[in-house]
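> I'd like to ask you about the structure that follows.
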Number of protein chains: 2
Amino acid sequence: MPRRKPPALKHPTLSPAPGARPLRAHDHTHCVADALAAAEARCGESGAQLTPIRRRVLELVWSSHAPIGAYDILARLGQETGKVQPPTVYRALEFLKAQGLIHRIESRNAFIGCAQPEAAHEGQFLLCRSCGDAAELLADKTLAALDRQATALGYTVEHRTVELEGLCPRCQDAAP
Amino acid sequence: MPRRKPPALKHPTLSPAPGARPLRAHDHTHCVADALAAAEARCGESGAQLTPIRRRVLELVWSSHAPIGAYDILARLGQETGKVQPPTVYRALEFLKAQGLIHRIESRNAFIGCAQPEAAHEGQFLLCRSCGDAAELLADKTLAALDRQATALGYTVEHRTVELEGLCPRCQDAAP
DNA sequence: GTCTGGGATGCTATGTTATAGCATCGAACG
DNA sequence: CGTTCGATGCTATAACATAGCATCCCAGAC
C-alpha cells in the first residue's frame with residue numbers, strides 16, 4: 001500500500017483569493033462596531049443573552065464582508081481561547097441566526113453578518129466569485145413576485161434562498 | 001471514559017418522511033423514460049458520452065421528484081454493482097450537471113433531475129419541507145428583475161440560486 | 001443560605017458531504 | 001503496435017454538521 005501525498009489543506013485559506021480586493025474601501029471597524037451595537041440592542045429588547053462567546057462569534061463573522069465558514073470561526077476562536085469544539089461554534093451561529101443577526105449562505109456553507117438586523121428578514125445576496133465578498137440585496141418586490149408564482153401553484157412559501165454569483169464591480173475592473 | 005450511544009443514522013432514510021405523499025399521482029416511469037431519452041438525445045448531439053454509470057446515476061436521481069443526496073446514490077449503486085467510491089458518484093453528477101441534465105439543490109446538498117434539459121438553464125425550485133418533493137419554477141422574468149438590480153449595483157451575474165421552501169398543495173391538505 | 005430549574009457551555013464521538021491525486025483500462029487513431 | 005485521452009477505480013482525507021450527556025452558573029423560590 002503506497003503512501004500518498006495528503007491533499008492540500010483548505011482551512012488555512014482564511015485570506016482572500018489572490019488578486020482579491022474589498023468591495024470598496026471603507027473603515028471596516030465601523031461595520032463591526034455598528035453590528036455589535038445593533039446586536040446588543042436587539043438582544044437587550046428580546047431578553048436574549050449575547051454571551052461572550054456569541055458576541056465573539058458575531059465579531060468573527062463580521063471580520064470581513066465575505067461569508068465565513070464555521071470551521072474558520074472555530075480555528076480563530078481556538079487560537080484565542082484554547083481548544084474549542086464544533087458544537088460551541090454551531091450553537092452560537094444558530095443563536096445568532098435565530099436573532100436575525102447573521103445569514104447563512106447556502107451555496108457556500110458559510111455565514112455572513114446581517115446588514116439590517118433591525119427588521120427580521122431573509123437575505124438575498126450578490127456573491128463575488130473572485131474576492132468572495134457578499135452584498136445583501138433588498139429584493140422585496142421580486143420575492144413577492146416569486147411568492148405569487150408559488151401561490152398560484154398551490155404552494156405555501158416559508159423560506160427563501162436567493163443567491164446570485166458573479167463578479168463585483170471592483171473585481172471586474174481588476175481582472176477584465 | 002463512558003461509552004456513548006451512537007447518533008442515529010441518516011443514510012437509511014431513503015424513504016420519504018412519514019405522511020409524505022407524491023406531489024400528484026402520476027406514472028413516474030414516464031418521467032424517468034422521458035428524462036433518459038432526453039439525455040440520450042442531448043449527449044448524442046454534443047458528443048458527450050452517456051456511459052452506463054452516468055446513465056444509471058441519472059436514473060437514480062430521477063427515482064423520485066425529491067432531491068437525492070450523493071451518498072444515497074452511492075448506497076443504491078453499491079447494492080447493485082458492489083462497492084462504489086464517492087468520486088465515482090460525484091464525477092457522474094458533475095458530468096450530468098455540466099450537460100444540464102440535473103440541478104443541484106444548494107439548500108439540501110442534493111441533486112434533482114432537470115425537467116427541461118433541452119434548453120440550457122438554471123433551475124428555480126419550490127421545495128416541500130414535508131414530502132421533500134421539488135418542483136421546478138419558470139421564473140425568467142423574476143430572474144431578469146434580479147439581474148437588473150445586480151447590474152444597477154455594478155455586478156455581473158453568472159449563476160443564480162433560487163430555492164423556495166414551504167408546503168406543496170398535497171401536504172397542506174394532508175396536515176392542515 | 002440553600003435549593004432548584006433552566007440556559008449556556010464543555011466534551012466525546014460520530015455522522016454526512018466532498019475532493020485531491022495517482023493508477024488502470026480500453027477505445028480510437030495512426 | 002504504440003500513443004493518447006477520457007472514464008473509472010481506489011486510497012485517503014478534508015470539510016461540514018449534529019447527537020447526547022456532563023457540568024457550571026445564576027436567578028428566583030423558599
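In the C-alpha cells, each chain is lettered A, B, ... as it comes, each chain's residues begin at 1, and ligands are numbered from 1 in order of appearance.
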Skip stretch 59-63 of chain B itself and residues of its chain fewer than 4 positions away, then list as a list in words all residues within 9 Å of it, counting only C-alpha atoms (C1' of nucleotides).
His28, Thr29, Cys31, Val32, Ala33, Ala35, Leu36, Arg54, Arg55, Pro67, Ile68, Gly69, Ile73, Arg76, Leu77, Ile102, Phe111, Ile112, Gly113 and Cys114 of chain B
> According to DSSP computed on the backbone, where in stretch 8-147 of chain A is there helix (DSSP H, G or I)? Give the residues as a PyMOL selection string.
chain A and resi 28-46+52-61+70-81+86-98+106-108+140-147
> Kindly assemble as CSV a list of the chain D residues that lie within 9 Å of chain A, each paired with its nearest atom pair and their distance in Å to one decimal, using only C-alpha atoms (C1' of nucleotides), sorted first by chain and then by ascending residue number.

```
residue,atom,partner,partner_atom,distance
D:DT11,C1',A:Arg4,CA,7.9
D:DA12,C1',A:Pro6,CA,7.4
D:DT13,C1',A:Pro7,CA,6.9
D:DA14,C1',A:Leu9,CA,7.0
D:DA15,C1',A:Lys10,CA,8.0
D:DC16,C1',A:Asn109,CA,7.7
D:DA17,C1',A:Tyr90,CA,8.1
D:DT18,C1',A:Pro87,CA,7.7
```
> Would you tabulate, counting only C-alpha atoms (C1' of nucleotides), all residues of chain C that have an atom at most 8 Å from an atom of chain B, showing the closest pair of atoms and their distance in Å to one decimal, sorted by chain then ascending number, as a Markdown table?

```
| residue | atom | partner | partner_atom | distance |
| --- | --- | --- | --- | --- |
| C:DT12 | C1' | B:Arg4 | CA | 8.0 |
| C:DA13 | C1' | B:Arg4 | CA | 7.4 |
| C:DT14 | C1' | B:Pro7 | CA | 6.7 |
| C:DG15 | C1' | B:Leu9 | CA | 6.9 |
| C:DT17 | C1' | B:Asn109 | CA | 7.7 |
| C:DT19 | C1' | B:Pro87 | CA | 7.8 |
```
> Put those residues in a file: C-alpha atoms (C1' of nucleotides), as an mmCIF file, in the first residue's frame.

```
data_model
loop_
_atom_site.group_PDB
_atom_site.id
_atom_site.type_symbol
_atom_site.label_atom_id
_atom_site.label_comp_id
_atom_site.auth_asym_id
_atom_site.auth_seq_id
_atom_site.Cartn_x
_atom_site.Cartn_y
_atom_site.Cartn_z
ATOM 1 C "C1'" DT C 12 -16.799 12.920 23.178
ATOM 2 C "C1'" DA C 13 -17.967 10.713 19.406
ATOM 3 C "C1'" DT C 14 -19.725 10.242 15.098
ATOM 4 C "C1'" DG C 15 -22.472 11.239 11.060
ATOM 5 C "C1'" DT C 17 -20.811 15.694 2.324
ATOM 6 C "C1'" DT C 19 -12.355 16.341 -3.205
#
```
> By how many Å are atom CA of A:Ala120 and atom CA of A:Gly100 apart?
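Atom CA of A:Ala120 sits 6.0 Å away from atom CA of A:Gly100.
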> How close does chain A get to chain B? List, as CSV, each residue of chain A within 9 Å, its nearest atom pair and the distance in Å to one decimal, counting only C-alpha atoms.

```
residue,atom,partner,partner_atom,distance
A:Ile105,CA,B:Ser107,CA,8.9
A:Glu106,CA,B:Ser107,CA,5.4
A:Ser107,CA,B:Glu106,CA,5.4
A:Arg108,CA,B:Glu106,CA,8.6
A:Asn109,CA,B:Glu106,CA,8.9
A:Leu126,CA,B:Ala150,CA,7.3
A:Leu127,CA,B:Val157,CA,8.8
A:Cys128,CA,B:Tyr155,CA,8.3
A:Leu137,CA,B:Ala150,CA,8.3
A:Ala139,CA,B:Leu146,CA,7.5
A:Thr142,CA,B:Thr142,CA,6.1
A:Leu143,CA,B:Thr142,CA,8.2
A:Ala145,CA,B:Thr142,CA,6.9
A:Leu146,CA,B:Thr142,CA,7.0
A:Asp147,CA,B:Leu164,CA,8.4
A:Gln149,CA,B:Ala139,CA,8.3
A:Ala150,CA,B:Leu126,CA,7.3
A:Leu153,CA,B:Pro169,CA,7.9
A:Gly154,CA,B:Pro169,CA,5.1
A:Tyr155,CA,B:Cys168,CA,4.7
A:Thr156,CA,B:Leu167,CA,5.1
A:Val157,CA,B:Gly166,CA,4.3
A:Glu158,CA,B:Gly166,CA,4.7
A:His159,CA,B:Glu165,CA,5.0
A:Arg160,CA,B:Leu164,CA,4.5
A:Thr161,CA,B:Glu163,CA,5.0
A:Val162,CA,B:Val162,CA,4.6
A:Glu163,CA,B:Thr161,CA,5.0
A:Leu164,CA,B:Arg160,CA,4.5
A:Glu165,CA,B:His159,CA,5.0
A:Gly166,CA,B:Val157,CA,4.3
A:Leu167,CA,B:Thr156,CA,5.1
A:Cys168,CA,B:Tyr155,CA,4.7
A:Pro169,CA,B:Gly154,CA,5.1
A:Arg170,CA,B:Gly154,CA,8.8
A:Gln172,CA,B:Thr156,CA,8.0
```
> Go ahead and compute the interatomic distance for atom CA of A:Ala39 and atom CA of A:Ala75, in Å to one decimal.
23.0 Å
> Enumerate the residues of stretch 75-115 of chain B with a DSSP assignment of strand (DSSP E or B), computed from the backbone, and present them as a PyMOL selection string.
chain B and resi 102-105+110-113
> Residues near D:DA29, anyone? I mean within 10 Å using only C-alpha atoms (C1' of nucleotides), not counting same-chain ones fewer than 2 positions away, as a compact mmCIF listing (two decimals) with N, CA and C atoms (P, O5', C5', C4', C3', O3' and C1' of nucleotides), in the first residue's frame.

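And here's part_27.txt as it stands now:
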```txt
# COMPACT_ATOMS: atom_id res chain seq x y z
P DC C 3 -29.10 22.55 50.36
O5' DC C 3 -30.39 22.52 49.44
C5' DC C 3 -31.66 22.87 50.00
C4' DC C 3 -32.63 23.20 48.86
C3' DC C 3 -32.49 22.29 47.63
O3' DC C 3 -33.79 21.87 47.26
C1' DC C 3 -32.35 24.56 46.98
P DT C 4 -33.96 20.67 46.28
O5' DT C 4 -34.38 21.47 44.97
C5' DT C 4 -35.33 22.52 45.05
C4' DT C 4 -35.44 23.20 43.70
C3' DT C 4 -35.14 22.27 42.50
O3' DT C 4 -36.07 22.57 41.48
C1' DT C 4 -33.78 24.17 42.38
P DA D 27 -27.89 36.47 38.19
O5' DA D 27 -29.47 36.43 38.06
C5' DA D 27 -30.06 35.85 36.90
C4' DA D 27 -31.39 35.24 37.27
C3' DA D 27 -32.18 36.07 38.30
O3' DA D 27 -33.55 36.05 37.95
C1' DA D 27 -31.76 33.89 39.16
```
